[in-house]
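A.B. asks: The structure follows.
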Amino acid sequence: MPDKFDDLRKRKQKSKLGGGPDKTEAQHKKGKLTARERIELLVDEGSFEEIDMFVKHRATDFGIGSKRYPGDGVVTGFAKIDGRPVALYSQDFTVFGGSLSESHAEKIIKIMNMAMKLGIPVIGLNDSGGARIQEGVVSLGGYADIFLLNTLASGVIPQISVVMGPCAGGAVYSPAITDFIFMVKNTSYMFVTGPNVVKTVTHEEVSFEDLGGAETHASKSGVAHFIYENEIETLVNVRHLISYLPQNFMDKPADLVFNESTLTADKRLDSIIPDNSNKPYDMKQVINLLVDDNDFFEVQAEYAENIIIGFGRIGGMSVGIVANQPEVLAGVLDIKASAKGARFVRFCDAFNIPLLVLVDVPGFLPGTEQEWGGIITNGAKLLYAFCEATVPKVTVITRKAYGGAYDVMNSKHIRGDFNFAWPSAEIAVMGPKGAVEIIFKKEITAAENPEAELEKKLSEYIEKFANPYIAAERGYIDDVIFPRDTKVKLVSALKILKTKVDKNPGKKHGNIPL
């Protein structure tokens, strides 16, 4: 029996070596960690339980039959993050460049199936050269099997993809289906076709980094939700994200202990809105004063910056925050901002995370580029997402809420639960100047001094309509509040809404305007 124990120890040790010391050293020289080092950094110490350590590929073509490594290029298992269970897989670039074979795919599929049965998040650490060419269509079939499971798991358990190396061709579609994508600056990239193919087909010369690097996908495509300087910082922030999320769609995010005695009026909120309604301000200042410990975990921070999305806690309760950003394009809604906001709202709704919506929106961005690009259907995505959402939804209008954008940003009419406004709020069909020029066009044109008449009518309109009180009279606004009292009101509203139950009509699924 001792001989068998020795044999087992040797087999386990061999599996842990991956592609061997030389390959590990090459990985480190690129500024990258190994598959197992990444797992150790991500999960609670000593909590990782590996499965399928001895799996090997079964291919024989092109001489690959003589090269068989235990584990076959991916480490899979279960662990804990902050004491809560997760499933994960970590691709090992030291074995066949982390390429996906039939056996490699089967390991990932097993861990995903188990995650769904257990109702726990699944985290994929991606570092792969793509499909294993020697296996041909079998490896492509493995990818498709994973894509199917990603789709079936969507909205059932949180799925997080961490791209820590190459992710090319069909491999990109698994992360794309998952809920969040993390990337590492300078060492990870994603693209459907690489620079060489691009040059052949379109004659464009582009680097790997410019085509599909982390910064490209964070700022231009919006594919990456989070990017960080190095792998350690990235993995720390994966843990941070997990802290805001429930385990599955039937669960709710965990509340943290909150000291009620710290909940007082914050006069700093009273002075954030400028006297001039056309002057910008930073909505992130508002957010940071509302969330506990100034801890706002922003999502897609560098993409469509005219809308802000992210997670925070208010009174110890996890919330998803959607806010217009007056500092960028005056906080207007455009194609990118609408799609960005819509997907985030749907994620929060899928996983029982209450929504806080901070509104300062002058409308939708006009112009041929927006209309031809589909602002109608893209704007409708955000509208659909808010209409569909049944989680607790609280809105605070800080300043402008004009036109259709007022409706879209979680108005009372689309099932906003508590809708508050600051005294600075302006709720109207359009901005005062545009409205006056339409309503009083004849009077202004006929006046001896058109400019003076315009100013007179403008003052009258602003006094009557550029405020929250007409909406409040109708019950569209539940209360007009002092800015300083906002957090107190939010904590109270979120507590009341803890027992909220709302349902949509029975259906197979809706048809969001994609």
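Labeling convention for the structure tokens: chains A, B, ... as they appear, residues from 1 per chain, ligands from 1 in order of appearance.
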List every residue of segment 100-276 of chain A that DSSP, applied to the backbone of this structure, assigns to strand (DSSP E), and report them as a list in words.

C.D. replies: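 Filtering segment 100-276 of chain A to strand (DSSP E) leaves Val122, Ile123, Gly124, Leu125, Asn126, Gln159, Ile160, Ser161, Val162, Val163, Pro166, Cys167, Ala168, Phe180, Ile181, Phe182, Met183, Val184, Tyr189, Met190, Phe191, Phe226, Ile227 and Tyr228 of chain A.
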
A.B. asks: Those residues you just picked out, can you put them in a file as a short mmCIF file (atom, residue, chain, number, x, y, z; two decimals), in the first residue's frame with C-alpha atoms?

C.D. replies:
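Result saved to selection.cif:
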data_model
loop_
_atom_site.label_atom_id
_atom_site.label_comp_id
_atom_site.auth_asym_id
_atom_site.auth_seq_id
_atom_site.Cartn_x
_atom_site.Cartn_y
_atom_site.Cartn_z
CA VAL A 122 -18.63 30.46 -11.50
CA ILE A 123 -15.38 32.28 -12.23
CA GLY A 124 -13.32 31.57 -15.34
CA LEU A 125 -9.64 32.59 -15.46
CA ASN A 126 -8.97 32.66 -19.19
CA GLN A 159 -20.70 34.28 -14.20
CA ILE A 160 -17.43 36.19 -14.15
CA SER A 161 -14.70 35.99 -16.79
CA VAL A 162 -11.16 37.11 -16.02
CA VAL A 163 -9.10 37.42 -19.20
CA PRO A 166 -4.89 35.76 -25.10
CA CYS A 167 -8.54 35.13 -25.87
CA ALA A 168 -9.08 34.91 -29.62
CA PHE A 180 -18.66 40.64 -16.23
CA ILE A 181 -15.28 40.65 -17.95
CA PHE A 182 -12.03 41.64 -16.23
CA MET A 183 -8.88 42.35 -18.26
CA VAL A 184 -5.24 43.08 -17.39
CA TYR A 189 -6.35 40.76 -25.23
CA MET A 190 -9.54 39.67 -26.97
CA PHE A 191 -10.46 39.66 -30.64
CA PHE A 226 -13.00 46.26 -15.46
CA ILE A 227 -9.31 46.70 -16.28
CA TYR A 228 -6.37 46.83 -13.89
#

A.B. asks: If you count only C-alpha atoms, which residues fall within 9 Å of segment 39-44 of chain A, apart from same-chain ones fewer than 3 positions away, as an mmCIF file with N, CA and C atoms, in the first residue's frame?

C.D. replies:
data_model
loop_
_atom_site.group_PDB
_atom_site.id
_atom_site.type_symbol
_atom_site.label_atom_id
_atom_site.label_comp_id
_atom_site.auth_asym_id
_atom_site.auth_seq_id
_atom_site.Cartn_x
_atom_site.Cartn_y
_atom_site.Cartn_z
ATOM 1 N N THR A 34 0.918 31.752 -12.971
ATOM 2 C CA THR A 34 0.440 30.458 -13.458
ATOM 3 C C THR A 34 -1.019 30.268 -13.031
ATOM 4 N N ALA A 35 -1.639 29.261 -13.604
ATOM 5 C CA ALA A 35 -3.049 28.984 -13.308
ATOM 6 C C ALA A 35 -3.279 28.766 -11.816
ATOM 7 N N ARG A 36 -2.391 28.031 -11.186
ATOM 8 C CA ARG A 36 -2.559 27.725 -9.767
ATOM 9 C C ARG A 36 -2.220 28.921 -8.875
ATOM 10 N N SER A 47 -8.724 27.031 0.793
ATOM 11 C CA SER A 47 -10.107 26.611 0.538
ATOM 12 C C SER A 47 -10.299 25.889 -0.796
ATOM 13 N N PHE A 48 -9.278 25.882 -1.659
ATOM 14 C CA PHE A 48 -9.464 25.307 -2.998
ATOM 15 C C PHE A 48 -9.469 23.782 -2.965
ATOM 16 N N VAL A 75 -7.178 24.001 -14.754
ATOM 17 C CA VAL A 75 -7.337 23.588 -13.360
ATOM 18 C C VAL A 75 -8.766 23.926 -12.945
ATOM 19 N N ALA A 79 -14.000 26.525 -4.291
ATOM 20 C CA ALA A 79 -13.275 27.245 -3.253
ATOM 21 C C ALA A 79 -14.233 28.191 -2.553
ATOM 22 N N LYS A 80 -13.689 29.037 -1.697
ATOM 23 C CA LYS A 80 -14.496 30.051 -1.014
ATOM 24 C C LYS A 80 -13.859 31.424 -1.183
ATOM 25 N N ILE A 81 -14.712 32.421 -1.302
ATOM 26 C CA ILE A 81 -14.278 33.817 -1.316
ATOM 27 C C ILE A 81 -15.051 34.522 -0.217
ATOM 28 N N ASP A 82 -14.333 35.041 0.764
ATOM 29 C CA ASP A 82 -14.965 35.622 1.963
ATOM 30 C C ASP A 82 -15.926 34.635 2.607
ATOM 31 N N GLY A 83 -15.535 33.367 2.590
ATOM 32 C CA GLY A 83 -16.325 32.330 3.252
ATOM 33 C C GLY A 83 -17.505 31.812 2.458
ATOM 34 N N VAL A 86 -17.632 29.207 -4.285
ATOM 35 C CA VAL A 86 -17.624 29.514 -5.718
ATOM 36 C C VAL A 86 -17.061 28.315 -6.463
ATOM 37 N N LEU A 88 -14.773 27.389 -9.977
ATOM 38 C CA LEU A 88 -13.868 28.122 -10.861
ATOM 39 C C LEU A 88 -13.044 27.190 -11.721
ATOM 40 N N TYR A 89 -12.590 27.769 -12.840
ATOM 41 C CA TYR A 89 -11.606 27.081 -13.677
ATOM 42 C C TYR A 89 -10.534 28.083 -14.066
ATOM 43 N N SER A 90 -9.312 27.591 -14.196
ATOM 44 C CA SER A 90 -8.181 28.452 -14.503
ATOM 45 C C SER A 90 -7.349 27.785 -15.594
ATOM 46 N N LEU A 125 -10.912 31.878 -15.252
ATOM 47 C CA LEU A 125 -9.645 32.589 -15.458
ATOM 48 C C LEU A 125 -9.110 32.142 -16.812
ATOM 49 N N ILE A 232 -2.490 40.759 -9.896
ATOM 50 C CA ILE A 232 -2.819 40.768 -8.464
ATOM 51 C C ILE A 232 -3.963 41.741 -8.192
ATOM 52 N N LEU A 235 -7.297 40.324 -9.515
ATOM 53 C CA LEU A 235 -7.901 39.264 -8.701
ATOM 54 C C LEU A 235 -8.473 39.804 -7.396
ATOM 55 N N VAL A 236 -7.825 40.800 -6.818
ATOM 56 C CA VAL A 236 -8.349 41.447 -5.604
ATOM 57 C C VAL A 236 -9.712 42.061 -5.898
ATOM 58 N N VAL A 238 -11.813 41.142 -8.311
ATOM 59 C CA VAL A 238 -12.815 40.093 -8.531
ATOM 60 C C VAL A 238 -13.462 39.741 -7.188
ATOM 61 N N ARG A 239 -12.648 39.638 -6.161
ATOM 62 C CA ARG A 239 -13.173 39.379 -4.811
ATOM 63 C C ARG A 239 -14.124 40.503 -4.384
#

A.B. asks: Can you tell me which residues surround Ser139 of chain A at a distance of at most 10 Å, considering only C-alpha atoms, apart from same-chain residues fewer than 2 positions away, and format the answer as an MDAnalysis selection string?

C.D. replies: chainID A and resid 99:105 130:137 141:145

A.B. asks: I want to know what sits within 9 Å of Asp282 of chain A, based on only C-alpha atoms, with residues of the same chain fewer than 3 positions away left out; could you give that as a PyMOL selection string?

C.D. replies: chain A and resi 272+285-286+325-328

A.B. asks: Please dump the current selection as a compact mmCIF listing (two decimals), in the first residue's frame; keep N, CA and C atoms.

C.D. replies:
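That gives us out.txt:
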# COMPACT_ATOMS: atom_id res chain seq x y z
N ILE A 272 -23.91 70.90 -3.98
CA ILE A 272 -23.33 70.28 -5.17
C ILE A 272 -23.94 70.83 -6.46
N GLN A 285 -19.59 62.72 -7.10
CA GLN A 285 -19.55 63.34 -5.77
C GLN A 285 -20.81 62.98 -4.99
N VAL A 286 -21.94 63.03 -5.67
CA VAL A 286 -23.21 62.67 -5.04
C VAL A 286 -23.19 61.21 -4.61
N GLN A 325 -24.37 61.46 -15.84
CA GLN A 325 -23.16 62.20 -15.47
C GLN A 325 -23.13 63.55 -16.19
N PRO A 326 -23.56 64.64 -15.52
CA PRO A 326 -23.61 65.95 -16.17
C PRO A 326 -22.26 66.45 -16.67
N GLU A 327 -21.16 65.89 -16.15
CA GLU A 327 -19.83 66.33 -16.58
C GLU A 327 -19.47 65.86 -17.99
N VAL A 328 -20.17 64.85 -18.49
CA VAL A 328 -19.87 64.30 -19.81
C VAL A 328 -21.11 64.40 -20.70

A.B. asks: Could you pull out the residues in segment 6-226 of chain A that DSSP calls helix (DSSP H, G or I) from the backbone, as a ChimeraX atom specification?

C.D. replies: /A:6-16,21-29,35-42,61-66,96-98,102-118,133-135,137-153,169-177,195-202,208-212,214-221

A.B. asks: Using only C-alpha atoms, pick whichever of A:Phe78, A:Phe54, A:Phe96, A:Tyr173 has the shortest atom-to-atom distance to Met112 of chain A.

C.D. replies: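 Once distances to Met112 of chain A are computed over only C-alpha atoms, the minimum belongs to A:Phe78.
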
A.B. asks: So what do you get for atom CA of Asn324 of chain A versus atom CA of Ala350 of chain A, distance-wise?

C.D. replies: 22.2 Å

A.B. asks: Point out the residue among A:Leu256, A:Leu211, A:Ala224, A:Val361 with the least atom-to-atom distance to Ala330 of chain A, counting only C-alpha atoms.

C.D. replies: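 Closest to Ala330 of chain A of all the choices is A:Val361.
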
A.B. asks: Counting only C-alpha atoms, which residue out of A:Ser424, A:Thr368, A:Thr94, A:Ser221 sits closest to Lys32 of chain A?

C.D. replies: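 Answer, going by the shortest atom-to-atom distance: A:Thr94.
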
A.B. asks: For His57 of chain A, which residue out of A:Val138, A:Ala115, A:Gly434, A:Ala218 is the nearest one, using only C-alpha atoms?

C.D. replies: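 So, comparing all the options, the nearest one is A:Val138.
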
A.B. asks: Taking only C-alpha atoms into account, which of A:Leu8, A:Ala337, A:Val95, A:Val357 comes nearest Asp22 of chain A?

C.D. replies: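 With only C-alpha atoms as the atom set, the closest residue is A:Val95.
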
A.B. asks: Would you pick out the contacts of Met283 of chain A at 12 Å or less, using only C-alpha atoms, so that residues sharing its chain but fewer than 5 positions from it are not included, and give the list as a PyMOL selection string?

C.D. replies: chain A and resi 269+272-274+288-290+305-309+321-328+330-331+357-361+396-399

A.B. asks: Could you work out how far atom CA of Phe249 of chain A lies from atom CA of Gly119 of chain A, giving the answer in Å with one decimal?

C.D. replies: 8.2 Å
